[in-house]
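Novice: What follows is target31.pdb; its format and atoms are PDB, C-alpha atoms (C1' of nucleotides).
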```pdb
ATOM      1  CA  MET A 225      25.276  -5.038  -8.959  1.00  0.00           C
ATOM      2  CA  ALA A 226      22.026  -3.428  -8.077  1.00  0.00           C
ATOM      3  CA  ARG A 227      21.713  -6.029  -5.375  1.00  0.00           C
ATOM      4  CA  GLY A 228      24.628  -4.396  -3.621  1.00  0.00           C
ATOM      5  CA  GLU A 229      22.999  -0.984  -3.512  1.00  0.00           C
ATOM      6  CA  ARG A 230      19.947  -2.169  -1.733  1.00  0.00           C
ATOM      7  CA  SER A 231      19.454   1.189  -0.039  1.00  0.00           C
ATOM      8  CA  GLU A 232      19.213   2.963  -3.357  1.00  0.00           C
ATOM      9  CA  GLU A 233      16.595   0.550  -4.568  1.00  0.00           C
ATOM     10  CA  ALA A 234      14.701   1.102  -1.361  1.00  0.00           C
ATOM     11  CA  TRP A 235      14.858   4.867  -1.811  1.00  0.00           C
ATOM     12  CA  ALA A 236      13.439   4.536  -5.306  1.00  0.00           C
ATOM     13  CA  TRP A 237      10.685   2.258  -4.105  1.00  0.00           C
ATOM     14  CA  TYR A 238       9.767   4.506  -1.209  1.00  0.00           C
ATOM     15  CA  THR A 239       9.905   7.624  -3.354  1.00  0.00           C
ATOM     16  CA  ALA A 240       7.690   6.096  -6.008  1.00  0.00           C
ATOM     17  CA  VAL A 241       5.135   5.129  -3.406  1.00  0.00           C
ATOM     18  CA  TYR A 242       5.173   8.484  -1.656  1.00  0.00           C
ATOM     19  CA  GLU A 243       4.963  10.361  -4.948  1.00  0.00           C
ATOM     20  CA  ALA A 244       2.022   8.285  -6.041  1.00  0.00           C
ATOM     21  CA  ILE A 245       0.262   9.012  -2.771  1.00  0.00           C
ATOM     22  CA  GLN A 246       0.971  12.709  -3.099  1.00  0.00           C
ATOM     23  CA  GLU A 247      -0.717  12.611  -6.476  1.00  0.00           C
ATOM     24  CA  ILE A 248      -3.963  11.732  -4.763  1.00  0.00           C
ATOM     25  CA  PRO A 249      -6.244  14.788  -5.061  1.00  0.00           C
ATOM     26  CA  TYR A 250      -7.894  16.316  -2.032  1.00  0.00           C
ATOM     27  CA  GLY A 251     -11.091  14.607  -1.003  1.00  0.00           C
ATOM     28  CA  LYS A 252     -10.176  11.377  -2.796  1.00  0.00           C
ATOM     29  CA  VAL A 253      -8.931   8.009  -1.627  1.00  0.00           C
ATOM     30  CA  THR A 254      -7.140   5.065  -3.218  1.00  0.00           C
ATOM     31  CA  SER A 255      -6.057   1.559  -2.277  1.00  0.00           C
ATOM     32  CA  TYR A 256      -2.661   0.038  -1.556  1.00  0.00           C
ATOM     33  CA  GLY A 257      -2.971  -2.210  -4.559  1.00  0.00           C
ATOM     34  CA  HIS A 258      -3.496   0.717  -6.891  1.00  0.00           C
ATOM     35  CA  ILE A 259      -0.496   2.572  -5.502  1.00  0.00           C
ATOM     36  CA  ALA A 260       1.550  -0.585  -5.907  1.00  0.00           C
ATOM     37  CA  LYS A 261       0.433  -0.836  -9.510  1.00  0.00           C
ATOM     38  CA  LEU A 262       1.293   2.806 -10.164  1.00  0.00           C
ATOM     39  CA  VAL A 263       4.807   2.222  -8.891  1.00  0.00           C
ATOM     40  CA  GLY A 264       5.141  -0.843 -11.059  1.00  0.00           C
ATOM     41  CA  LYS A 265       4.484  -3.521  -8.460  1.00  0.00           C
ATOM     42  CA  PRO A 266       0.833  -4.523  -8.776  1.00  0.00           C
ATOM     43  CA  GLU A 267       1.614  -7.724  -6.941  1.00  0.00           C
ATOM     44  CA  CYS A 268       3.270  -6.054  -4.003  1.00  0.00           C
ATOM     45  CA  PRO A 269       0.693  -3.974  -2.179  1.00  0.00           C
ATOM     46  CA  ARG A 270       2.077  -5.064   1.169  1.00  0.00           C
ATOM     47  CA  GLN A 271       5.277  -3.177   0.686  1.00  0.00           C
ATOM     48  CA  VAL A 272       3.230  -0.049   0.114  1.00  0.00           C
ATOM     49  CA  GLY A 273       1.856  -0.423   3.615  1.00  0.00           C
ATOM     50  CA  VAL A 274       5.358  -1.010   4.908  1.00  0.00           C
ATOM     51  CA  CYS A 275       6.448   2.247   3.315  1.00  0.00           C
ATOM     52  CA  LEU A 276       3.707   4.143   5.098  1.00  0.00           C
ATOM     53  CA  LYS A 277       4.608   2.440   8.321  1.00  0.00           C
ATOM     54  CA  HIS A 278       8.166   3.641   7.930  1.00  0.00           C
ATOM     55  CA  LEU A 279       6.950   7.049   6.858  1.00  0.00           C
ATOM     56  CA  PRO A 280       9.080   9.598   8.757  1.00  0.00           C
ATOM     57  CA  SER A 281       7.609  12.259  11.007  1.00  0.00           C
ATOM     58  CA  PRO A 282       6.924  15.830   9.823  1.00  0.00           C
ATOM     59  CA  SER A 283       9.040  17.464  12.466  1.00  0.00           C
ATOM     60  CA  THR A 284      11.538  14.912  13.539  1.00  0.00           C
ATOM     61  CA  ASP A 285      14.914  15.637  15.085  1.00  0.00           C
ATOM     62  CA  PRO A 286      16.289  18.927  13.692  1.00  0.00           C
ATOM     63  CA  SER A 287      19.743  17.426  13.950  1.00  0.00           C
ATOM     64  CA  LYS A 288      18.755  15.071  11.159  1.00  0.00           C
ATOM     65  CA  LYS A 289      18.097  16.525   7.736  1.00  0.00           C
ATOM     66  CA  SER A 290      14.409  16.826   6.958  1.00  0.00           C
ATOM     67  CA  PRO A 291      13.269  13.872   4.913  1.00  0.00           C
ATOM     68  CA  THR A 292      11.650  14.636   1.601  1.00  0.00           C
ATOM     69  CA  TRP A 293       8.592  12.693   2.614  1.00  0.00           C
ATOM     70  CA  HIS A 294       6.798  12.718   5.921  1.00  0.00           C
ATOM     71  CA  SER A 295       3.342  12.175   7.357  1.00  0.00           C
ATOM     72  CA  GLY A 296       2.786  15.904   6.948  1.00  0.00           C
ATOM     73  CA  ASN A 297       3.410  15.959   3.206  1.00  0.00           C
ATOM     74  CA  VAL A 298       2.282  12.483   2.289  1.00  0.00           C
ATOM     75  CA  PRO A 299      -1.496  12.053   2.656  1.00  0.00           C
ATOM     76  CA  TRP A 300      -1.087   8.465   3.849  1.00  0.00           C
ATOM     77  CA  GLN A 301      -4.543   8.809   5.330  1.00  0.00           C
ATOM     78  CA  ARG A 302      -5.978   8.701   1.809  1.00  0.00           C
ATOM     79  CA  VAL A 303      -4.471   5.275   1.309  1.00  0.00           C
ATOM     80  CA  ILE A 304      -6.756   2.431   2.342  1.00  0.00           C
ATOM     81  CA  ASN A 305      -7.257  -1.192   1.379  1.00  0.00           C
ATOM     82  CA  ALA A 306      -8.973  -2.283  -1.838  1.00  0.00           C
ATOM     83  CA  ARG A 307     -12.140  -3.077   0.076  1.00  0.00           C
ATOM     84  CA  GLY A 308     -12.519   0.601   0.845  1.00  0.00           C
ATOM     85  CA  GLY A 309     -11.837  -0.113   4.479  1.00  0.00           C
ATOM     86  CA  ILE A 310      -9.166   1.265   6.769  1.00  0.00           C
ATOM     87  CA  SER A 311      -6.645  -1.271   8.014  1.00  0.00           C
ATOM     88  CA  PRO A 312      -7.198  -1.865  11.742  1.00  0.00           C
ATOM     89  CA  ARG A 313      -3.506  -1.361  12.452  1.00  0.00           C
ATOM     90  CA  GLY A 314      -4.859   0.147  15.645  1.00  0.00           C
ATOM     91  CA  PRO A 315      -8.425   0.752  16.826  1.00  0.00           C
ATOM     92  CA  SER A 316      -7.573   4.360  17.496  1.00  0.00           C
ATOM     93  CA  GLY A 317      -5.384   4.477  14.422  1.00  0.00           C
ATOM     94  CA  ALA A 318      -8.205   3.492  12.100  1.00  0.00           C
ATOM     95  CA  SER A 319     -10.610   5.912  13.739  1.00  0.00           C
ATOM     96  CA  ARG A 320      -8.015   8.641  13.530  1.00  0.00           C
ATOM     97  CA  GLN A 321      -7.551   8.010   9.837  1.00  0.00           C
ATOM     98  CA  ALA A 322     -11.312   7.923   9.322  1.00  0.00           C
ATOM     99  CA  THR A 323     -11.647  11.244  11.102  1.00  0.00           C
ATOM    100  CA  ALA A 324      -8.906  12.734   8.961  1.00  0.00           C
ATOM    101  CA  LEU A 325     -10.698  11.602   5.818  1.00  0.00           C
ATOM    102  CA  ARG A 326     -13.966  13.060   7.029  1.00  0.00           C
ATOM    103  CA  ALA A 327     -12.144  16.320   7.682  1.00  0.00           C
ATOM    104  CA  GLU A 328     -11.243  16.340   3.991  1.00  0.00           C
ATOM    105  CA  GLY A 329     -14.839  15.876   2.986  1.00  0.00           C
ATOM    106  CA  VAL A 330     -14.612  12.144   2.381  1.00  0.00           C
ATOM    107  CA  HIS A 331     -17.714  10.303   3.460  1.00  0.00           C
ATOM    108  CA  VAL A 332     -16.601   7.436   5.700  1.00  0.00           C
ATOM    109  CA  ASP A 333     -19.100   4.805   6.712  1.00  0.00           C
ATOM    110  CA  GLN A 334     -18.659   2.993   9.984  1.00  0.00           C
ATOM    111  CA  GLY A 335     -19.717  -0.630  10.299  1.00  0.00           C
ATOM    112  CA  SER A 336     -21.189  -2.208  13.366  1.00  0.00           C
ATOM    113  CA  MET A 337     -17.827  -3.705  14.223  1.00  0.00           C
ATOM    114  CA  GLY A 338     -16.252  -0.295  13.938  1.00  0.00           C
ATOM    115  CA  GLU A 339     -14.945  -1.056  10.478  1.00  0.00           C
ATOM    116  CA  PHE A 340     -14.419   2.166   8.578  1.00  0.00           C
ATOM    117  CA  THR A 341     -15.285   2.005   4.901  1.00  0.00           C
ATOM    118  CA  VAL A 342     -15.168   4.596   2.132  1.00  0.00           C
ATOM    119  CA  ASP A 343     -17.335   4.602  -0.959  1.00  0.00           C
ATOM    120  CA  PHE A 344     -14.949   4.206  -3.888  1.00  0.00           C
ATOM    121  CA  GLY A 345     -17.875   4.959  -6.167  1.00  0.00           C
ATOM    122  CA  LYS A 346     -17.757   8.551  -4.942  1.00  0.00           C
ATOM    123  CA  PHE A 347     -14.258   9.144  -3.607  1.00  0.00           C
ATOM    124  CA  GLY A 348     -12.396   6.309  -5.306  1.00  0.00           C
ATOM    125  CA  TRP A 349      -9.465   7.726  -7.287  1.00  0.00           C
ATOM    126  CA  PHE A 350      -8.065   5.075  -9.617  1.00  0.00           C
ATOM    127  CA  PRO A 351      -6.265   6.593 -12.636  1.00  0.00           C
ATOM    128  CA  ASP A 352      -4.609   4.206 -15.055  1.00  0.00           C
ATOM    129  CA  VAL A 353      -1.324   6.018 -14.476  1.00  0.00           C
ATOM    130  CA  LEU A 354      -0.077   8.920 -12.440  1.00  0.00           C
ATOM    131  CA  PRO A 355      -0.886  12.366 -13.911  1.00  0.00           C
ATOM    132  CA  SER A 356       2.845  12.984 -14.030  1.00  0.00           C
ATOM    133  CA  GLU A 357       3.450   9.895 -16.112  1.00  0.00           C
ATOM    134  CA  ALA A 358       0.318  10.537 -18.115  1.00  0.00           C
ATOM    135  CA  GLY A 359       1.896  13.758 -19.331  1.00  0.00           C
ATOM    136  CA  LEU A 360       4.955  11.860 -20.471  1.00  0.00           C
ATOM    137  CA  VAL A 361       2.865   9.342 -22.301  1.00  0.00           C
ATOM    138  CA  GLU A 362       1.536  10.500 -25.623  1.00  0.00           C
ATOM    139  CA  SER A 363      -2.216  10.297 -25.670  1.00  0.00           C
ATOM    140  CA  SER A 364      -2.761   9.462 -29.332  1.00  0.00           C
ATOM    141  CA  ASP A 365      -6.147   7.926 -29.022  1.00  0.00           C
ATOM    142  CA  GLU A 366      -8.409   7.959 -26.032  1.00  0.00           C
ATOM    143  CA  GLU A 367     -10.458   5.072 -24.863  1.00  0.00           C
ATOM    144  CA  GLU A 368     -13.964   6.136 -24.080  1.00  0.00           C
ATOM    145  CA  GLU A 369     -16.531   3.814 -22.761  1.00  0.00           C
ATOM    146  CA  ASP A 370     -20.159   4.600 -22.268  1.00  0.00           C
ATOM    147  CA  THR A 371     -22.917   2.376 -21.055  1.00  0.00           C
TER
ATOM    148  C1'  DG B 119      24.356 -13.074   8.212  1.00  0.00           C
ATOM    149  C1'  DA B 120      19.803 -15.274   8.134  1.00  0.00           C
ATOM    150  C1'  DT B 121      14.951 -15.694   9.191  1.00  0.00           C
ATOM    151  C1'  DG B 122      10.283 -13.953   9.979  1.00  0.00           C
ATOM    152  C1'  DT B 123       6.915 -10.861   9.496  1.00  0.00           C
ATOM    153  C1'  DG B 124       4.121  -7.032   7.795  1.00  0.00           C
ATOM    154  C1'  DA B 125      -0.921  -1.303   7.362  1.00  0.00           C
ATOM    155  C1'  DC B 126      -2.286  -6.216   1.119  1.00  0.00           C
ATOM    156  C1'  DC B 127      -4.241  -8.116  -3.255  1.00  0.00           C
ATOM    157  C1'  DG B 128      -5.648 -11.433  -6.597  1.00  0.00           C
ATOM    158  C1'  DC B 129      -6.488 -15.918  -7.822  1.00  0.00           C
ATOM    159  C1'  DC B 130      -7.861 -20.821  -7.121  1.00  0.00           C
ATOM    160  C1'  DC B 131     -11.107 -24.417  -5.537  1.00  0.00           C
TER
ATOM    161  C1'  DC C  76     -20.893 -17.504  -3.126  1.00  0.00           C
ATOM    162  C1'  DG C  77     -17.081 -18.199   0.480  1.00  0.00           C
ATOM    163  C1'  DG C  78     -12.616 -19.455   2.274  1.00  0.00           C
ATOM    164  C1'  DG C  79      -7.659 -20.230   1.874  1.00  0.00           C
ATOM    165  C1'  DC C  80      -3.108 -19.472  -0.027  1.00  0.00           C
ATOM    166  C1'  DG C  81       0.822 -17.586  -2.358  1.00  0.00           C
ATOM    167  C1'  DG C  82       3.641 -13.674  -3.585  1.00  0.00           C
ATOM    168  C1'  DC C  83       6.501  -9.437  -3.275  1.00  0.00           C
ATOM    169  C1'  DC C  84      10.165  -5.912  -0.861  1.00  0.00           C
ATOM    170  C1'  DA C  85      12.016  -4.036   2.945  1.00  0.00           C
ATOM    171  C1'  DC C  86      12.734  -3.735   7.915  1.00  0.00           C
ATOM    172  C1'  DA C  87      13.475  -5.819  12.599  1.00  0.00           C
ATOM    173  C1'  DT C  88      15.563  -9.121  15.780  1.00  0.00           C
TER
END
```
Represent the structure contained in this file as structure tokens.
Specialist:
Amino acid sequence: MARGERSEEAWAWYTAVYEAIQEIPYGKVTSYGHIAKLVGKPECPRQVGVCLKHLPSPSTDPSKKSPTWHSGNVPWQRVINARGGISPRGPSGASRQATALRAEGVHVDQGSMGEFTVDFGKFGWFPDVLPSEAGLVESSDEEEEDT
DNA sequence: GATGTGACCGCCC
DNA sequence: CGGGCGGCCACAT
């Protein structure tokens, strides 16, 4: 049955991804894999990238209803690969994303090859679950680990 | 309608 | 320690 309503499944998948990205605090960055895990698909980080690629524009055609998610509301720029590097989807695209991150106060290192990398140790945001879901989950006991 | 690919990640050898 | 491969979902042709 669900197979029939493929569009609905897609909407749920996209929404989950976009919501997870929106949960990323200002000045922080995360990886595709983590977003995928937050949405329940830790083995499907690629689709996360696909979602961002299909991310609608902020001010698209007024004739069409404004999409709930767009590049103006979804900080897709804070989403990078697990290596802390920005996907070279486009030389200018990567640099543009790096610049956007720097504008948010994120320290982005640039390699000799022009590879942009972010220090997850400082700006890496990797919560076990989304704050929204965390509130739903009862925190009976907390796991604290100290070195 | 089917096939291929894609902004990735983790694991195996 | 490094390289290679599979796997997943949705979109495009």
Novice: For chain C, take all atoms listed in the file, fit an axis-aligned box around them, add 5 Å to each of the six sides, then output centre and edge lengths in Å rounded to one decimal, as lines of an AutoDock Vina configuration file.
Specialist:
```
center_x = -2.7
center_y = -12.0
center_z = 6.1
size_x = 46.5
size_y = 26.5
size_z = 29.4
```
Novice: Please compute the CA of Asp333 in chain A-CA of Phe350 in chain A distance, one decimal, in Å.
Specialist: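 It comes out at 19.7 Å.
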Novice: Could you pull out every residue with an atom within 6 Å of (-1.6, 0.4, 1.8), file coordinates, counting all atoms listed in the file, and send them as a list in words?
Specialist: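 Protein and nucleic acid residues near the point are Tyr256, Val272, Gly273, Val303, Ile304 and Asn305 of chain A; DA125 of chain B.
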Novice: Give me, as an MDAnalysis selection string, the residues of chain A touching chain B, with the criterion being at most 6 Å (counting all atoms listed in the file).
Specialist: chainID A and resid 269:270 273 311 313
Novice: Store the residues of this selection in a file with C-alpha atoms, as a PDB file, in the frame of the given file.
Specialist:
```pdb
ATOM      1  CA  PRO A 269       0.693  -3.974  -2.179  1.00  0.00           C
ATOM      2  CA  ARG A 270       2.077  -5.064   1.169  1.00  0.00           C
ATOM      3  CA  GLY A 273       1.856  -0.423   3.615  1.00  0.00           C
ATOM      4  CA  SER A 311      -6.645  -1.271   8.014  1.00  0.00           C
ATOM      5  CA  ARG A 313      -3.506  -1.361  12.452  1.00  0.00           C
TER       6      ARG A 313
END
```
Novice: On this structure, the PyMOL selection byres ((chain A and resi 244) around 10) would catch which residues? List them as number ranges by chain, sorted by chain and number.
Specialist: A: 238-243, 245-248, 258-263, 298, 353-356
Novice: Go ahead and save the picked residues with C-alpha atoms, as a compact mmCIF listing (two decimals), keeping the file's coordinate frame.
Specialist:
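Everything below was put into result.txt:
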```
# COMPACT_ATOMS: atom_id res chain seq x y z
CA TYR A 238 9.77 4.51 -1.21
CA THR A 239 9.90 7.62 -3.35
CA ALA A 240 7.69 6.10 -6.01
CA VAL A 241 5.14 5.13 -3.41
CA TYR A 242 5.17 8.48 -1.66
CA GLU A 243 4.96 10.36 -4.95
CA ILE A 245 0.26 9.01 -2.77
CA GLN A 246 0.97 12.71 -3.10
CA GLU A 247 -0.72 12.61 -6.48
CA ILE A 248 -3.96 11.73 -4.76
CA HIS A 258 -3.50 0.72 -6.89
CA ILE A 259 -0.50 2.57 -5.50
CA ALA A 260 1.55 -0.58 -5.91
CA LYS A 261 0.43 -0.84 -9.51
CA LEU A 262 1.29 2.81 -10.16
CA VAL A 263 4.81 2.22 -8.89
CA VAL A 298 2.28 12.48 2.29
CA VAL A 353 -1.32 6.02 -14.48
CA LEU A 354 -0.08 8.92 -12.44
CA PRO A 355 -0.89 12.37 -13.91
CA SER A 356 2.84 12.98 -14.03
```
Novice: Residues of chain C within 10 Å of chain A: nearest atom pair and distance (Å, one decimal) for each, counting only C-alpha atoms (C1' of nucleotides), sorted by chain and number, as a tab-separated table?
Specialist:
```
residue	atom	partner	partner_atom	distance
C:DG82	C1'	A:Glu267	CA	7.1
C:DC83	C1'	A:Cys268	CA	4.7
C:DC84	C1'	A:Gln271	CA	5.8
C:DA85	C1'	A:Gln271	CA	7.2
C:DC86	C1'	A:Val274	CA	8.4
```
Novice: Let's have the selection written as a compact mmCIF listing (two decimals), in the coordinates of the input, with C-alpha atoms (C1' of nucleotides).
Specialist:
```txt
# COMPACT_ATOMS: atom_id res chain seq x y z
C1' DG C 82 3.64 -13.67 -3.58
C1' DC C 83 6.50 -9.44 -3.28
C1' DC C 84 10.16 -5.91 -0.86
C1' DA C 85 12.02 -4.04 2.94
C1' DC C 86 12.73 -3.74 7.92
```
Novice: In Å to one decimal, how far is CA of Ser316 in chain A from CA of Gly338 in chain A?
Specialist: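 Atom-to-atom, CA of Gly338 in chain A and CA of Ser316 in chain A are spaced 10.5 Å apart.
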Novice: With only C-alpha atoms (C1' of nucleotides) counted, which protein, DNA or RNA residues have an atom no more than 9 Å from (-16.1, 7.3, 7.8) in the file frame? Please answer as a ChimeraX atom specification.
Specialist: /A:319,321-323,325-326,330-334,339-342
Novice: To one decimal place, how far is CA of Gly296 in chain A from CA of Pro282 in chain A in Å?
Specialist: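 Separation between CA of Gly296 in chain A and CA of Pro282 in chain A: 5.0 Å.
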Novice: Go through A:Pro280, A:Ser255, A:Gly264, A:Trp349 one by one, measure the shortest atom-to-atom distance of each to His294 in chain A using all atoms listed in the file, and give the residue with the smallest value.
Specialist: A:Pro280
Novice: Step by step: locate chain C in the block above, keep N, CA and C atoms (P, O5', C5', C4', C3', O3' and C1' of nucleotides), then write the file as a PDB file, in the first residue's frame.
Specialist:
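Here's the written file decode-v3.pdb:
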```
ATOM      1  P    DC C  76      47.367   4.550  12.162  1.00  0.00           P
ATOM      2  O5'  DC C  76      47.601   3.992  10.651  1.00  0.00           O
ATOM      3  C5'  DC C  76      48.882   4.212  10.019  1.00  0.00           C
ATOM      4  C4'  DC C  76      48.812   3.931   8.510  1.00  0.00           C
ATOM      5  C3'  DC C  76      47.613   4.616   7.863  1.00  0.00           C
ATOM      6  O3'  DC C  76      48.044   5.321   6.698  1.00  0.00           O
ATOM      7  C1'  DC C  76      47.547   2.266   7.424  1.00  0.00           C
ATOM      8  P    DG C  77      47.067   6.288   5.871  1.00  0.00           P
ATOM      9  O5'  DG C  77      46.634   5.370   4.622  1.00  0.00           O
ATOM     10  C5'  DG C  77      47.664   4.849   3.788  1.00  0.00           C
ATOM     11  C4'  DG C  77      47.067   4.026   2.643  1.00  0.00           C
ATOM     12  C3'  DG C  77      45.931   4.760   1.939  1.00  0.00           C
ATOM     13  O3'  DG C  77      46.211   4.831   0.537  1.00  0.00           O
ATOM     14  C1'  DG C  77      45.193   2.593   2.694  1.00  0.00           C
ATOM     15  P    DG C  78      45.179   5.495  -0.476  1.00  0.00           P
ATOM     16  O5'  DG C  78      44.328   4.244  -1.010  1.00  0.00           O
ATOM     17  C5'  DG C  78      45.023   3.144  -1.606  1.00  0.00           C
ATOM     18  C4'  DG C  78      44.035   2.051  -2.030  1.00  0.00           C
ATOM     19  C3'  DG C  78      42.883   2.607  -2.866  1.00  0.00           C
ATOM     20  O3'  DG C  78      42.720   1.808  -4.041  1.00  0.00           O
ATOM     21  C1'  DG C  78      42.033   1.426  -0.966  1.00  0.00           C
ATOM     22  P    DG C  79      41.559   2.165  -5.100  1.00  0.00           P
ATOM     23  O5'  DG C  79      40.412   1.126  -4.688  1.00  0.00           O
ATOM     24  C5'  DG C  79      40.741  -0.259  -4.520  1.00  0.00           C
ATOM     25  C4'  DG C  79      39.483  -1.084  -4.263  1.00  0.00           C
ATOM     26  C3'  DG C  79      38.290  -0.615  -5.100  1.00  0.00           C
ATOM     27  O3'  DG C  79      37.641  -1.752  -5.680  1.00  0.00           O
ATOM     28  C1'  DG C  79      37.748  -0.500  -2.770  1.00  0.00           C
ATOM     29  P    DC C  80      36.368  -1.558  -6.591  1.00  0.00           P
ATOM     30  O5'  DC C  80      35.219  -1.898  -5.514  1.00  0.00           O
ATOM     31  C5'  DC C  80      35.250  -3.153  -4.821  1.00  0.00           C
ATOM     32  C4'  DC C  80      34.001  -3.351  -3.955  1.00  0.00           C
ATOM     33  C3'  DC C  80      32.707  -2.940  -4.658  1.00  0.00           C
ATOM     34  O3'  DC C  80      31.763  -4.009  -4.589  1.00  0.00           O
ATOM     35  C1'  DC C  80      32.925  -1.764  -2.564  1.00  0.00           C
ATOM     36  P    DG C  81      30.402  -3.969  -5.410  1.00  0.00           P
ATOM     37  O5'  DG C  81      29.402  -3.875  -4.174  1.00  0.00           O
ATOM     38  C5'  DG C  81      29.567  -4.792  -3.083  1.00  0.00           C
ATOM     39  C4'  DG C  81      28.702  -4.365  -1.897  1.00  0.00           C
ATOM     40  C3'  DG C  81      27.242  -4.137  -2.288  1.00  0.00           C
ATOM     41  O3'  DG C  81      26.388  -4.794  -1.343  1.00  0.00           O
ATOM     42  C1'  DG C  81      28.154  -2.144  -1.328  1.00  0.00           C
ATOM     43  P    DG C  82      24.873  -4.856  -1.632  1.00  0.00           P
ATOM     44  O5'  DG C  82      24.405  -3.546  -0.856  1.00  0.00           O
ATOM     45  C5'  DG C  82      24.711  -3.393   0.543  1.00  0.00           C
ATOM     46  C4'  DG C  82      23.946  -2.189   1.111  1.00  0.00           C
ATOM     47  C3'  DG C  82      22.582  -2.004   0.449  1.00  0.00           C
ATOM     48  O3'  DG C  82      21.582  -1.784   1.449  1.00  0.00           O
ATOM     49  C1'  DG C  82      23.906  -0.031   0.171  1.00  0.00           C
ATOM     50  P    DC C  83      20.101  -2.113   1.085  1.00  0.00           P
ATOM     51  O5'  DC C  83      19.482  -0.640   1.118  1.00  0.00           O
ATOM     52  C5'  DC C  83      19.404   0.074   2.344  1.00  0.00           C
ATOM     53  C4'  DC C  83      19.149   1.566   2.092  1.00  0.00           C
ATOM     54  C3'  DC C  83      17.954   1.814   1.161  1.00  0.00           C
ATOM     55  O3'  DC C  83      16.818   2.174   1.929  1.00  0.00           O
ATOM     56  C1'  DC C  83      19.858   3.091   0.482  1.00  0.00           C
ATOM     57  P    DC C  84      15.435   2.161   1.213  1.00  0.00           P
ATOM     58  O5'  DC C  84      15.365   3.635   0.571  1.00  0.00           O
ATOM     59  C5'  DC C  84      15.339   4.769   1.435  1.00  0.00           C
ATOM     60  C4'  DC C  84      15.066   6.037   0.637  1.00  0.00           C
ATOM     61  C3'  DC C  84      13.865   5.916  -0.292  1.00  0.00           C
ATOM     62  O3'  DC C  84      12.976   7.002  -0.090  1.00  0.00           O
ATOM     63  C1'  DC C  84      15.830   6.453  -1.557  1.00  0.00           C
ATOM     64  P    DA C  85      11.693   7.114  -1.020  1.00  0.00           P
ATOM     65  O5'  DA C  85      12.236   8.202  -2.063  1.00  0.00           O
ATOM     66  C5'  DA C  85      12.878   9.368  -1.564  1.00  0.00           C
ATOM     67  C4'  DA C  85      13.432  10.233  -2.695  1.00  0.00           C
ATOM     68  C3'  DA C  85      12.391  10.474  -3.790  1.00  0.00           C
ATOM     69  O3'  DA C  85      12.365  11.850  -4.137  1.00  0.00           O
ATOM     70  C1'  DA C  85      14.359   9.482  -4.733  1.00  0.00           C
ATOM     71  P    DC C  86      11.397  12.367  -5.226  1.00  0.00           P
ATOM     72  O5'  DC C  86      12.429  12.612  -6.436  1.00  0.00           O
ATOM     73  C5'  DC C  86      13.394  13.657  -6.317  1.00  0.00           C
ATOM     74  C4'  DC C  86      14.335  13.704  -7.521  1.00  0.00           C
ATOM     75  C3'  DC C  86      13.628  14.070  -8.831  1.00  0.00           C
ATOM     76  O3'  DC C  86      14.357  15.089  -9.504  1.00  0.00           O
ATOM     77  C1'  DC C  86      14.752  11.984  -9.080  1.00  0.00           C
ATOM     78  P    DA C  87      13.765  15.694 -10.840  1.00  0.00           P
ATOM     79  O5'  DA C  87      14.626  14.915 -11.945  1.00  0.00           O
ATOM     80  C5'  DA C  87      16.055  15.018 -11.934  1.00  0.00           C
ATOM     81  C4'  DA C  87      16.651  14.357 -13.174  1.00  0.00           C
ATOM     82  C3'  DA C  87      15.877  14.704 -14.444  1.00  0.00           C
ATOM     83  O3'  DA C  87      16.769  15.141 -15.476  1.00  0.00           O
ATOM     84  C1'  DA C  87      15.924  12.321 -14.114  1.00  0.00           C
ATOM     85  P    DT C  88      16.237  15.439 -16.915  1.00  0.00           P
ATOM     86  O5'  DT C  88      16.425  14.061 -17.715  1.00  0.00           O
ATOM     87  C5'  DT C  88      17.718  13.441 -17.753  1.00  0.00           C
ATOM     88  C4'  DT C  88      17.697  12.202 -18.658  1.00  0.00           C
ATOM     89  C3'  DT C  88      16.978  12.456 -19.989  1.00  0.00           C
ATOM     90  O3'  DT C  88      17.771  11.997 -21.100  1.00  0.00           O
ATOM     91  C1'  DT C  88      15.974  10.606 -18.851  1.00  0.00           C
TER      92       DT C  88
END
```
